[in-house]
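Below: run-v3.txt (compact mmCIF, C-alpha atoms and all ligand atoms)
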```txt
# COMPACT_ATOMS: atom_id res chain seq x y z
CA MET D 1 20.96 -17.57 18.24
CA LYS D 2 21.57 -14.15 16.66
CA GLY D 3 19.38 -11.07 16.97
CA LEU D 4 18.52 -9.47 13.61
CA CYS D 5 17.48 -5.92 12.77
CA VAL D 6 16.17 -5.41 9.24
CA LEU D 7 16.34 -1.77 8.14
CA GLY D 8 13.90 -1.52 5.21
CA SER D 9 12.07 -4.80 5.90
CA THR D 10 9.20 -4.00 3.49
CA GLY D 11 11.45 -3.61 0.43
CA SER D 12 12.64 -6.21 -2.03
CA ILE D 13 15.81 -7.05 -0.05
CA GLY D 14 13.97 -6.79 3.29
CA VAL D 15 11.33 -9.31 2.21
CA SER D 16 13.97 -11.74 0.89
CA THR D 17 15.91 -11.38 4.17
CA LEU D 18 12.84 -12.33 6.18
CA ASP D 19 12.25 -15.29 3.82
CA VAL D 20 15.75 -16.55 4.68
CA ALA D 21 15.38 -15.75 8.42
CA GLY D 22 12.07 -17.67 8.39
CA LEU D 23 13.93 -20.79 7.18
CA HIS D 24 16.31 -20.61 10.16
CA PRO D 25 14.38 -19.80 13.35
CA ASP D 26 17.04 -21.75 15.28
CA ARG D 27 19.74 -19.31 14.08
CA TYR D 28 17.99 -15.92 13.86
CA ARG D 29 15.52 -14.09 16.05
CA VAL D 30 14.03 -10.96 14.51
CA VAL D 31 14.48 -8.10 16.99
CA ALA D 32 13.56 -5.05 14.91
CA LEU D 33 11.85 -4.24 11.59
CA THR D 34 11.59 -0.84 9.89
CA ALA D 35 9.65 0.71 7.02
CA ASN D 36 9.12 4.07 5.41
CA ASN D 37 5.33 3.95 4.94
CA ASN D 38 4.12 0.47 3.96
CA ILE D 39 2.48 -0.30 7.29
CA ASP D 40 0.21 -3.00 5.82
CA LEU D 41 3.19 -5.21 5.05
CA LEU D 42 5.03 -4.18 8.22
CA PHE D 43 1.94 -5.16 10.24
CA GLU D 44 1.94 -8.65 8.66
CA GLN D 45 5.68 -9.00 9.29
CA CYS D 46 5.19 -8.01 12.95
CA LEU D 47 2.46 -10.64 13.39
CA ARG D 48 4.70 -13.31 11.89
CA PHE D 49 8.08 -12.46 13.49
CA LYS D 50 6.97 -10.71 16.69
CA PRO D 51 9.94 -8.31 16.82
CA ALA D 52 10.58 -6.31 19.99
CA TYR D 53 10.58 -3.11 17.91
CA ALA D 54 9.04 -1.79 14.70
CA VAL D 55 9.97 1.61 13.30
CA VAL D 56 7.88 3.68 10.88
CA ILE D 57 9.28 6.99 9.65
CA ASP D 58 5.98 8.88 9.67
CA VAL D 59 4.62 9.58 13.19
CA ARG D 60 0.95 9.30 12.18
CA LEU D 61 1.50 5.94 10.43
CA ALA D 62 3.43 4.74 13.50
CA THR D 63 0.35 5.50 15.64
CA ASP D 64 -1.83 3.57 13.15
CA LEU D 65 0.48 0.57 13.30
CA ARG D 66 0.58 0.67 17.12
CA SER D 67 -3.21 0.53 17.41
CA ARG D 68 -3.55 -2.19 14.74
CA LEU D 69 -1.02 -4.35 16.57
CA LEU D 70 -2.75 -3.86 19.92
CA THR D 71 -6.18 -4.65 18.39
CA SER D 72 -4.78 -7.86 16.95
CA GLY D 73 -3.42 -8.91 20.34
CA ASN D 74 0.28 -8.27 19.60
CA ASP D 75 1.55 -6.36 22.62
CA GLU D 76 5.20 -7.47 22.38
CA THR D 77 6.19 -5.03 19.61
CA GLU D 78 7.02 -1.47 20.60
CA VAL D 79 6.46 0.96 17.71
CA LEU D 80 8.93 3.84 17.28
CA SER D 81 9.00 6.57 14.65
CA GLY D 82 11.40 8.82 12.75
CA ILE D 83 15.09 8.63 11.84
CA LYS D 84 15.95 8.54 15.55
CA GLY D 85 13.97 5.30 15.83
CA LEU D 86 16.07 3.78 13.02
CA GLU D 87 19.31 4.66 14.77
CA GLU D 88 17.98 3.40 18.09
CA VAL D 89 17.10 -0.08 16.84
CA SER D 90 20.30 -0.54 14.84
CA VAL D 91 22.44 -0.36 18.00
CA LEU D 92 20.24 -2.35 20.45
CA PRO D 93 22.23 -4.71 22.70
CA ASP D 94 20.01 -7.63 21.53
CA VAL D 95 20.90 -6.96 17.91
CA ASP D 96 23.93 -8.84 16.54
CA SER D 97 23.35 -8.34 12.81
CA VAL D 98 21.87 -5.40 10.94
CA MET D 99 20.58 -5.86 7.41
CA ALA D 100 21.01 -2.43 5.82
CA ALA D 101 18.29 -2.56 3.14
CA ILE D 102 16.91 0.98 3.08
CA VAL D 103 17.20 2.51 -0.38
CA GLY D 104 19.30 5.64 -0.86
CA ALA D 105 20.89 8.21 1.43
CA ALA D 106 18.09 7.72 4.00
CA GLY D 107 19.90 4.58 5.15
CA LEU D 108 23.22 6.26 5.91
CA LEU D 109 22.83 7.27 9.56
CA PRO D 110 21.40 4.00 10.94
CA THR D 111 23.86 1.93 8.88
CA LEU D 112 26.80 4.00 10.09
CA ALA D 113 25.47 3.76 13.66
CA ALA D 114 25.42 -0.04 13.34
CA ALA D 115 29.01 -0.05 12.02
CA ARG D 116 30.18 2.22 14.84
CA ALA D 117 28.48 -0.03 17.39
CA GLY D 118 30.43 -3.03 16.07
CA LYS D 119 27.38 -4.90 14.75
CA THR D 120 27.70 -7.37 11.90
CA VAL D 121 26.58 -5.19 9.00
CA LEU D 122 24.92 -6.96 6.07
CA LEU D 123 25.23 -4.21 3.49
CA ALA D 124 22.70 -3.92 0.66
CA ASN D 125 22.30 -0.12 0.92
CA LYS D 126 25.17 0.72 -1.45
CA GLU D 127 24.31 4.45 -1.49
CA ALA D 128 25.23 4.71 2.22
CA LEU D 129 28.72 3.35 1.53
CA VAL D 130 29.22 5.34 -1.70
CA MET D 131 28.36 8.60 0.08
CA SER D 132 30.45 8.16 3.18
CA GLY D 133 33.27 5.99 1.74
CA PRO D 134 36.44 6.08 3.85
CA LEU D 135 34.50 7.41 6.86
CA PHE D 136 32.28 4.31 6.82
CA MET D 137 35.22 1.95 6.28
CA SER D 138 37.14 3.44 9.20
CA ALA D 139 34.07 3.09 11.44
CA VAL D 140 34.09 -0.61 10.55
CA THR D 141 37.82 -0.99 11.25
CA GLU D 142 37.72 0.97 14.51
CA SER D 143 34.76 -0.91 15.99
CA GLY D 144 35.87 -4.31 14.66
CA ALA D 145 32.47 -4.81 12.98
CA ASP D 146 32.11 -7.54 10.39
CA LEU D 147 31.01 -6.03 7.08
CA LEU D 148 29.41 -8.51 4.69
CA PRO D 149 28.35 -7.40 1.22
CA ILE D 150 24.83 -8.30 0.07
CA ASP D 151 24.99 -6.74 -3.39
CA SER D 152 25.28 -9.91 -5.49
CA GLU D 153 28.48 -8.80 -7.24
CA HIS D 154 30.27 -7.78 -4.07
CA ASN D 155 29.08 -10.84 -2.27
CA ALA D 156 30.50 -12.89 -5.18
CA ILE D 157 33.83 -11.05 -5.01
CA PHE D 158 33.95 -11.51 -1.24
CA GLN D 159 33.41 -15.26 -1.73
CA CYS D 160 36.26 -15.36 -4.28
CA MET D 161 38.71 -13.41 -2.09
CA PRO D 162 41.56 -15.17 -0.20
CA VAL D 163 40.72 -17.34 2.82
CA ASN D 164 39.94 -15.34 6.00
CA TYR D 165 39.50 -12.15 3.98
CA HIS D 166 37.76 -9.25 5.75
CA ALA D 167 36.18 -6.28 3.91
CA GLY D 168 38.46 -3.26 3.67
CA ARG D 169 41.74 -5.21 3.65
CA ARG D 170 44.07 -4.96 0.69
CA ALA D 171 44.75 -8.34 -0.91
CA PRO D 172 48.06 -7.97 -2.81
CA GLU D 173 47.61 -11.37 -4.50
CA VAL D 174 44.55 -10.01 -6.33
CA ARG D 175 45.43 -8.44 -9.67
CA ARG D 176 41.99 -7.30 -10.79
CA ILE D 177 38.31 -7.52 -9.97
CA MET D 178 35.89 -8.23 -12.79
CA LEU D 179 32.56 -6.70 -11.88
CA THR D 180 29.81 -8.24 -13.99
CA ALA D 181 26.78 -6.31 -15.23
CA SER D 182 23.69 -7.61 -17.00
CA GLY D 183 23.53 -4.38 -19.02
CA GLY D 184 19.92 -3.84 -17.91
CA PRO D 185 16.80 -3.63 -20.08
CA PHE D 186 18.35 -1.22 -22.64
CA LEU D 187 21.57 -3.08 -23.42
CA ARG D 188 20.70 -3.22 -27.14
CA LYS D 189 18.86 0.10 -27.49
CA GLY D 190 20.44 2.90 -29.55
CA LEU D 191 21.07 6.35 -28.08
CA ASN D 192 18.13 7.91 -29.98
CA GLU D 193 15.70 5.25 -28.72
CA LEU D 194 16.74 5.88 -25.09
CA HIS D 195 15.34 9.39 -25.34
CA ASN D 196 11.72 8.25 -25.14
CA VAL D 197 11.78 5.28 -22.76
CA THR D 198 9.15 5.32 -20.00
CA PRO D 199 9.60 4.60 -16.27
CA ASP D 200 7.73 1.29 -16.70
CA GLU D 201 10.13 0.19 -19.46
CA ALA D 202 13.11 1.28 -17.37
CA VAL D 203 12.11 -0.73 -14.29
CA ALA D 204 11.48 -3.95 -16.27
CA HIS D 205 14.81 -5.65 -15.57
CA PRO D 206 15.47 -8.79 -17.67
CA ASN D 207 16.94 -10.94 -14.84
CA TRP D 208 16.28 -9.42 -11.40
CA VAL D 209 13.13 -8.26 -9.57
CA MET D 210 14.13 -5.22 -7.48
CA GLY D 211 12.91 -1.91 -6.07
CA ARG D 212 12.15 0.90 -8.55
CA LYS D 213 15.18 3.10 -7.81
CA ILE D 214 17.80 0.39 -8.30
CA SER D 215 15.93 -0.84 -11.40
CA VAL D 216 16.29 2.60 -13.04
CA ASP D 217 19.94 2.65 -11.93
CA SER D 218 20.41 -0.68 -13.72
CA ALA D 219 18.87 0.77 -16.88
CA THR D 220 21.23 3.82 -16.87
CA MET D 221 24.08 1.59 -15.61
CA MET D 222 24.54 3.99 -12.70
CA ASN D 223 23.95 0.90 -10.60
CA LYS D 224 27.24 -0.48 -11.94
CA GLY D 225 28.83 2.92 -11.37
CA LEU D 226 27.76 2.89 -7.71
CA GLU D 227 28.96 -0.72 -7.51
CA LEU D 228 32.35 0.25 -8.92
CA ILE D 229 32.76 2.78 -6.07
CA GLU D 230 31.41 0.19 -3.62
CA ALA D 231 33.99 -2.37 -4.85
CA CYS D 232 36.91 0.09 -4.53
CA LEU D 233 35.93 0.72 -0.89
CA LEU D 234 35.01 -2.82 0.18
CA PHE D 235 38.05 -4.45 -1.39
CA ASN D 236 40.52 -1.58 -1.04
CA MET D 237 41.25 -1.50 -4.79
CA PRO D 238 41.98 1.45 -7.09
CA PRO D 239 39.35 1.99 -9.85
CA GLU D 240 41.76 0.98 -12.63
CA LYS D 241 41.86 -2.52 -11.11
CA VAL D 242 38.06 -2.89 -11.22
CA GLU D 243 36.88 -3.80 -14.69
CA VAL D 244 33.20 -3.80 -15.67
CA VAL D 245 32.23 -6.78 -17.83
CA ILE D 246 28.81 -7.06 -19.46
CA HIS D 247 27.44 -10.55 -18.91
CA PRO D 248 23.78 -10.58 -19.98
CA GLN D 249 22.82 -13.95 -18.40
CA SER D 250 23.59 -12.82 -14.78
CA VAL D 251 24.84 -16.28 -13.82
CA ILE D 252 28.42 -15.30 -12.95
CA HIS D 253 27.98 -12.62 -10.29
CA SER D 254 31.60 -11.35 -10.52
CA MET D 255 35.19 -12.62 -10.66
CA VAL D 256 38.55 -12.17 -8.97
CA ASP D 257 41.74 -12.37 -11.04
CA TYR D 258 44.83 -13.45 -9.05
CA VAL D 259 48.48 -12.65 -9.83
CA ASP D 260 49.16 -16.27 -10.85
CA GLY D 261 46.50 -16.09 -13.59
CA THR D 262 43.78 -17.92 -11.65
CA VAL D 263 40.33 -16.42 -12.08
CA LEU D 264 37.71 -17.35 -9.49
CA ALA D 265 34.04 -16.77 -10.30
CA GLN D 266 30.95 -17.17 -8.16
CA MET D 267 27.88 -18.50 -9.98
CA GLY D 268 24.25 -19.03 -9.13
CA ASN D 269 20.71 -18.17 -10.12
CA PRO D 270 19.89 -14.46 -10.03
CA ASP D 271 18.12 -14.72 -6.66
CA MET D 272 19.09 -12.30 -3.86
CA ARG D 273 18.32 -14.93 -1.23
CA ILE D 274 21.66 -16.55 -2.19
CA PRO D 275 23.95 -13.63 -1.18
CA ILE D 276 21.65 -12.89 1.77
CA ALA D 277 21.91 -16.48 3.05
CA HIS D 278 25.66 -16.48 2.45
CA ALA D 279 26.11 -13.39 4.60
CA MET D 280 23.70 -14.58 7.29
CA ALA D 281 25.38 -17.98 7.62
CA TRP D 282 28.96 -16.65 7.22
CA PRO D 283 31.48 -18.13 7.87
CA GLY D 284 29.32 -21.26 7.44
CA ARG D 285 26.59 -22.03 4.91
CA PHE D 286 22.88 -22.73 5.12
CA ASP D 287 19.86 -23.12 2.83
CA SER D 288 18.67 -19.97 1.06
CA GLY D 289 15.48 -21.41 -0.41
CA ALA D 290 16.78 -20.63 -3.95
CA GLU D 291 16.47 -23.12 -6.82
CA PRO D 292 19.68 -24.98 -7.80
CA LEU D 293 21.40 -23.62 -10.91
CA ASP D 294 20.46 -25.51 -14.09
CA LEU D 295 23.38 -25.03 -16.49
CA PHE D 296 21.59 -26.89 -19.28
CA SER D 297 18.87 -24.26 -19.39
CA VAL D 298 21.45 -21.43 -19.14
CA LYS D 299 23.36 -23.06 -22.06
CA ARG D 300 25.90 -20.26 -22.64
CA LEU D 301 27.69 -17.43 -20.89
CA ASP D 302 28.47 -14.27 -22.91
CA PHE D 303 30.80 -11.38 -22.12
CA GLU D 304 31.33 -7.97 -23.71
CA ALA D 305 32.82 -4.57 -22.94
CA PRO D 306 30.51 -1.78 -21.69
CA ASP D 307 29.59 1.10 -24.00
CA PHE D 308 30.51 4.27 -22.09
CA GLU D 309 28.89 6.49 -24.73
CA ARG D 310 25.40 5.06 -24.42
CA PHE D 311 25.83 4.68 -20.64
CA PRO D 312 27.63 7.89 -19.55
CA CYS D 313 26.66 7.36 -15.89
CA LEU D 314 29.23 4.58 -15.66
CA GLN D 315 32.00 6.96 -16.80
CA ARG D 316 30.89 9.57 -14.27
CA ALA D 317 31.26 7.02 -11.48
CA TYR D 318 34.88 6.34 -12.52
CA ASP D 319 35.40 10.14 -12.54
CA ALA D 320 33.82 10.49 -9.08
CA VAL D 321 35.88 7.75 -7.45
CA ARG D 322 39.06 9.27 -8.92
CA ALA D 323 38.11 12.76 -7.70
CA GLY D 324 37.49 11.35 -4.21
CA GLY D 325 36.39 13.47 -1.23
CA THR D 326 32.71 14.41 -1.40
CA MET D 327 32.43 13.75 -5.17
CA PRO D 328 30.86 10.27 -4.78
CA ALA D 329 28.27 11.80 -2.39
CA ILE D 330 27.54 14.52 -4.98
CA LEU D 331 27.18 11.91 -7.75
CA ASN D 332 24.88 9.80 -5.59
CA ALA D 333 22.62 12.67 -4.48
CA ALA D 334 22.33 14.04 -8.02
CA ASN D 335 21.42 10.58 -9.24
CA GLU D 336 18.80 10.06 -6.52
CA ALA D 337 17.16 13.39 -7.36
CA ALA D 338 17.26 12.69 -11.11
CA VAL D 339 15.86 9.15 -10.81
CA SER D 340 13.07 10.30 -8.53
CA SER D 341 12.10 13.02 -11.02
CA PHE D 342 12.24 10.54 -13.93
CA LEU D 343 10.00 8.08 -12.05
CA ASP D 344 7.52 10.93 -11.38
CA GLY D 345 7.41 11.87 -15.06
CA GLY D 346 9.41 15.11 -14.53
CA ILE D 347 12.43 14.49 -16.80
CA ARG D 348 13.45 12.14 -19.61
CA PHE D 349 15.60 9.05 -19.13
CA THR D 350 18.45 10.70 -21.07
CA ASP D 351 18.29 13.78 -18.80
CA ILE D 352 19.52 11.68 -15.85
CA PRO D 353 23.24 11.83 -16.82
CA ASP D 354 22.88 15.56 -17.62
CA VAL D 355 21.62 16.27 -14.10
CA ILE D 356 24.58 14.34 -12.69
CA ASN D 357 27.08 16.14 -14.95
CA HIS D 358 25.64 19.47 -13.93
CA CYS D 359 26.00 18.77 -10.20
CA MET D 360 29.49 17.29 -10.52
CA ASN D 361 30.63 20.41 -12.38
CA ALA D 362 28.75 22.94 -10.24
CA ILE D 363 29.66 21.84 -6.73
CA ALA D 364 33.10 22.18 -5.18
CA VAL D 365 34.54 18.97 -3.76
CA SER D 366 35.75 18.93 -0.19
CA ARG D 367 37.18 16.35 2.19
CA ALA D 368 34.67 13.71 3.27
CA ASP D 369 36.14 13.04 6.69
CA THR D 370 33.15 14.03 8.82
CA ILE D 371 29.51 13.02 8.56
CA ASP D 372 28.55 16.71 8.43
CA ALA D 373 30.73 17.25 5.36
CA VAL D 374 29.09 14.25 3.65
CA LEU D 375 25.56 15.37 4.51
CA GLU D 376 26.28 18.92 3.40
CA ALA D 377 27.56 17.73 0.01
CA ASP D 378 24.45 15.54 -0.31
CA GLN D 379 22.13 18.48 0.44
CA ARG D 380 23.95 20.86 -1.91
CA ALA D 381 23.84 18.37 -4.76
CA ARG D 382 20.12 17.71 -4.24
CA LYS D 383 19.40 21.44 -4.30
CA SER D 384 21.51 21.98 -7.40
CA ALA D 385 19.86 18.98 -9.10
CA GLU D 386 16.37 20.26 -8.29
CA GLN D 387 17.17 23.71 -9.71
CA TYR D 388 18.54 22.15 -12.89
CA ILE D 389 15.54 19.82 -13.20
CA ALA D 390 13.15 22.77 -12.77
CA ARG D 391 14.82 24.42 -15.77
CA LEU D 392 14.48 21.21 -17.84
CA SER D 393 10.81 20.51 -17.19
P1 LIG Q 1 12.93 -1.13 -2.17
O1 LIG Q 1 12.50 0.17 -2.74
O2 LIG Q 1 12.23 -2.37 -2.60
O3 LIG Q 1 12.86 -1.06 -0.56
C1 LIG Q 1 13.38 0.01 0.14
C2 LIG Q 1 13.12 -0.12 1.64
O4 LIG Q 1 13.60 1.08 2.25
C3 LIG Q 1 11.65 -0.23 2.02
O5 LIG Q 1 11.50 -1.06 3.14
C4 LIG Q 1 11.26 1.20 2.40
O6 LIG Q 1 10.22 1.25 3.36
C5 LIG Q 1 12.56 1.72 2.99
N1 LIG Q 1 12.71 3.16 2.81
C6 LIG Q 1 12.60 3.86 1.64
N2 LIG Q 1 12.79 5.17 1.85
C7 LIG Q 1 13.02 5.32 3.18
C8 LIG Q 1 13.25 6.44 4.01
N3 LIG Q 1 13.30 7.68 3.52
N4 LIG Q 1 13.46 6.22 5.32
C9 LIG Q 1 13.40 4.98 5.84
N5 LIG Q 1 13.16 3.87 5.10
C10 LIG Q 1 12.97 4.04 3.79
O7 LIG Q 1 14.50 -1.24 -2.45
P2 LIG Q 1 15.39 -2.57 -2.64
O8 LIG Q 1 15.37 -2.98 -4.05
O9 LIG Q 1 15.04 -3.57 -1.58
O10 LIG Q 1 16.85 -1.98 -2.36
C11 LIG Q 1 17.30 -1.67 -1.06
C12 LIG Q 1 18.80 -1.40 -1.12
O11 LIG Q 1 19.47 -2.60 -1.50
C13 LIG Q 1 19.17 -0.33 -2.16
O12 LIG Q 1 20.24 0.42 -1.68
C14 LIG Q 1 19.64 -1.17 -3.35
O13 LIG Q 1 20.59 -0.50 -4.14
C15 LIG Q 1 20.25 -2.37 -2.66
N6 LIG Q 1 20.25 -3.59 -3.48
C16 LIG Q 1 19.07 -4.13 -3.88
C17 LIG Q 1 19.06 -5.28 -4.66
C18 LIG Q 1 17.76 -5.93 -5.09
O14 LIG Q 1 17.81 -6.97 -5.71
N7 LIG Q 1 16.60 -5.37 -4.79
C19 LIG Q 1 20.28 -5.85 -5.06
C20 LIG Q 1 21.46 -5.27 -4.63
C21 LIG Q 1 21.44 -4.14 -3.83
MG MG Q 2 24.32 -5.59 -7.73
```
Here is a file; write its structure as structure tokens.
Amino acid sequence: MKGLCVLGSTGSIGVSTLDVAGLHPDRYRVVALTANNNIDLLFEQCLRFKPAYAVVIDVRLATDLRSRLLTSGNDETEVLSGIKGLEEVSVLPDVDSVMAAIVGAAGLLPTLAAARAGKTVLLANKEALVMSGPLFMSAVTESGADLLPIDSEHNAIFQCMPVNYHAGRRAPEVRRIMLTASGGPFLRKGLNELHNVTPDEAVAHPNWVMGRKISVDSATMMNKGLELIEACLLFNMPPEKVEVVIHPQSVIHSMVDYVDGTVLAQMGNPDMRIPIAHAMAWPGRFDSGAEPLDLFSVKRLDFEAPDFERFPCLQRAYDAVRAGGTMPAILNAANEAAVSSFLDGGIRFTDIPDVINHCMNAIAVSRADTIDAVLEADQRARKSAEQYIARLS
């Protein structure tokens, strides 16, 4: 029986993780759940899974949750608050596996703490890895933690890697990684049409149901940009060996091209419970609750090259990974600030890459070998992005 901590249990990945955990009560015991502010859902999750700990970022909401749980007769869940609470639960002795499913930079410290403590890290929070890159990967190596990718593409690549592969190792028999991308909701839209798209149009992904931030990232293709950086780190590959392939059906979740010409692909319905169950059962397999793939309704699989002109964010991610140091953290922070402003009606969809360009040009890159250096780059980029956004709106 493994103890599970779900960071971000009220989000899209968090809910799917608990769906899978609920199918396997003989394999997983939920030890800790965390949320930013959705205490209604966290309350229901606490009643169902009876974790030893629940963390809410806001102190006042944590007090609310505590009294609601006591009133309902649940006195086995201790409610903590703040970032400190997140770090505390991710390193508990009873916790074996940590699902890192907080969105954005907010997930970095607890995810890194879990890696340093040698927990099995189930990594959905790609921003945490993109920001801290080599620092995160060395924490994994030094502690001997198992790092299992949840992002569907990286989980697919992991499944197609050589037998006994562990994240971070170089696999010389792999010639190239083919990272698939659906192309998002605006795959066929012209540049001039992109100017006026609304947040609701941007979050309407054709194949996947996800949180709002990652849905906008899919529409700008920054999601694939972040995933490119994620792939370089997880699989120890240079960016020129990671090729983005548009595959609108989202049935092949990525491919690995070997030196002998063999290409291995992982396929399945676009349902995040599949990579989640893979990582939770690894190195075995168990039921995810997902529907079996019906190839006769899929009918065909299409592939095309990405258009870097209409989707400049993807090019900026290649630039950032090549620049190295704190540049991926700058790219990520600028993107988070820009997406948040776009979702709030502050800037246009097509302003997002401009905000990122501005920050990447304005801020000096330094080495990213300490957490302070990473956090400082993140803060500088956010400030620079906010100033630029204020001039736009
Ligand atoms: P979401 O917005 O649905 O959920 C985010 C979770 O993080 C929530 O539980 C929320 O309470 C918590 N959270 C948000 N801000 C926080 C803060 N400041 N401090 C503490 N907790 C906070 O997001 P999601 O779609 O579930 O995505 C989560 C992560 O997984 C992201 O990094 C995303 O890129 C990655 N991911 C998601 C999918 C998907 O299908 N949804 C696929 C691949 C990767
Ligand atoms: Mg993905």
Residues of chain D at most 7 Å from ligand MG 2 (chain Q): nearest atom pair and distance in Å, only C-alpha atoms and all ligand atoms, as a Markdown table:
```
| residue | atom | partner | partner_atom | distance |
| --- | --- | --- | --- | --- |
| D:Asp151 | CA | Q:MG2 | MG | 4.5 |
| D:Ser152 | CA | Q:MG2 | MG | 5.0 |
| D:Glu153 | CA | Q:MG2 | MG | 5.3 |
| D:Glu227 | CA | Q:MG2 | MG | 6.7 |
```
Could you give me the residues within 8 Å of ligand LIG 1 (chain Q), counting all atoms listed in the file, as a short mmCIF file (atom, residue, chain, number, x, y, z; two decimals) with C-alpha atoms, in the coordinates of the input?
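Written output follows (out-v8.cif):
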```
data_model
loop_
_atom_site.label_atom_id
_atom_site.label_comp_id
_atom_site.auth_asym_id
_atom_site.auth_seq_id
_atom_site.Cartn_x
_atom_site.Cartn_y
_atom_site.Cartn_z
CA LEU D 7 16.34 -1.77 8.14
CA GLY D 8 13.90 -1.52 5.21
CA SER D 9 12.07 -4.80 5.90
CA THR D 10 9.20 -4.00 3.49
CA GLY D 11 11.45 -3.61 0.43
CA SER D 12 12.64 -6.21 -2.03
CA ILE D 13 15.81 -7.05 -0.05
CA GLY D 14 13.97 -6.79 3.29
CA VAL D 15 11.33 -9.31 2.21
CA THR D 34 11.59 -0.84 9.89
CA ALA D 35 9.65 0.71 7.02
CA ASN D 36 9.12 4.07 5.41
CA ASN D 37 5.33 3.95 4.94
CA ASN D 38 4.12 0.47 3.96
CA VAL D 56 7.88 3.68 10.88
CA ILE D 57 9.28 6.99 9.65
CA ILE D 83 15.09 8.63 11.84
CA LEU D 86 16.07 3.78 13.02
CA ALA D 100 21.01 -2.43 5.82
CA ALA D 101 18.29 -2.56 3.14
CA ILE D 102 16.91 0.98 3.08
CA VAL D 103 17.20 2.51 -0.38
CA GLY D 104 19.30 5.64 -0.86
CA ALA D 105 20.89 8.21 1.43
CA ALA D 106 18.09 7.72 4.00
CA GLY D 107 19.90 4.58 5.15
CA LEU D 123 25.23 -4.21 3.49
CA ALA D 124 22.70 -3.92 0.66
CA ASN D 125 22.30 -0.12 0.92
CA LYS D 126 25.17 0.72 -1.45
CA GLU D 127 24.31 4.45 -1.49
CA ALA D 128 25.23 4.71 2.22
CA ILE D 150 24.83 -8.30 0.07
CA ASP D 151 24.99 -6.74 -3.39
CA SER D 152 25.28 -9.91 -5.49
CA TRP D 208 16.28 -9.42 -11.40
CA VAL D 209 13.13 -8.26 -9.57
CA MET D 210 14.13 -5.22 -7.48
CA GLY D 211 12.91 -1.91 -6.07
CA ARG D 212 12.15 0.90 -8.55
CA LYS D 213 15.18 3.10 -7.81
CA ILE D 214 17.80 0.39 -8.30
CA SER D 215 15.93 -0.84 -11.40
CA ASN D 223 23.95 0.90 -10.60
CA ASP D 271 18.12 -14.72 -6.66
CA MET D 272 19.09 -12.30 -3.86
#
```
Just checking: using only C-alpha atoms, which residue out of D:Thr350, D:Thr141, D:Asn361, D:Gln387 ends up closest to Ile330 in chain D?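 Ranked by minimum distance to Ile330 in chain D, first place goes to D:Asn361.
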For Asp96 in chain D, list every protein, DNA or RNA residue within 10 Å, evaluated using all atoms listed in the file, and leave out those in the same chain fewer than 6 positions away; present the list as an NGL selection string. :D and (1-5 or 28-29 or 31 or 90 or 114 or 117-121)
Interatomic distance between CA of Pro270 in chain D and CA of Thr180 in chain D? 12.4 Å
How would range 223-230 of chain D read, as an mmCIF file, in the frame of the given file, once N, CA, C and O atoms are built in?
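The resulting file, result_28.cif, is reproduced below:
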```
data_model
loop_
_atom_site.group_PDB
_atom_site.id
_atom_site.type_symbol
_atom_site.label_atom_id
_atom_site.label_comp_id
_atom_site.auth_asym_id
_atom_site.auth_seq_id
_atom_site.Cartn_x
_atom_site.Cartn_y
_atom_site.Cartn_z
ATOM 1 N N ASN D 223 23.814 1.939 -11.628
ATOM 2 C CA ASN D 223 23.950 0.900 -10.600
ATOM 3 C C ASN D 223 25.366 0.319 -10.636
ATOM 4 O O ASN D 223 26.003 0.152 -9.594
ATOM 5 N N LYS D 224 25.872 0.069 -11.857
ATOM 6 C CA LYS D 224 27.240 -0.480 -11.940
ATOM 7 C C LYS D 224 28.254 0.573 -11.516
ATOM 8 O O LYS D 224 29.286 0.251 -10.933
ATOM 9 N N GLY D 225 27.951 1.829 -11.804
ATOM 10 C CA GLY D 225 28.830 2.920 -11.370
ATOM 11 C C GLY D 225 28.914 2.968 -9.844
ATOM 12 O O GLY D 225 30.010 3.052 -9.269
ATOM 13 N N LEU D 226 27.757 2.895 -9.184
ATOM 14 C CA LEU D 226 27.760 2.890 -7.710
ATOM 15 C C LEU D 226 28.490 1.646 -7.212
ATOM 16 O O LEU D 226 29.237 1.697 -6.229
ATOM 17 N N GLU D 227 28.302 0.535 -7.915
ATOM 18 C CA GLU D 227 28.960 -0.720 -7.510
ATOM 19 C C GLU D 227 30.467 -0.668 -7.705
ATOM 20 O O GLU D 227 31.220 -1.307 -6.968
ATOM 21 N N LEU D 228 30.911 0.075 -8.720
ATOM 22 C CA LEU D 228 32.350 0.250 -8.920
ATOM 23 C C LEU D 228 32.937 0.954 -7.684
ATOM 24 O O LEU D 228 33.950 0.519 -7.121
ATOM 25 N N ILE D 229 32.280 2.030 -7.247
ATOM 26 C CA ILE D 229 32.760 2.780 -6.070
ATOM 27 C C ILE D 229 32.697 1.872 -4.834
ATOM 28 O O ILE D 229 33.630 1.833 -4.020
ATOM 29 N N GLU D 230 31.595 1.126 -4.742
ATOM 30 C CA GLU D 230 31.410 0.190 -3.620
ATOM 31 C C GLU D 230 32.558 -0.833 -3.594
ATOM 32 O O GLU D 230 33.139 -1.114 -2.535
#
```
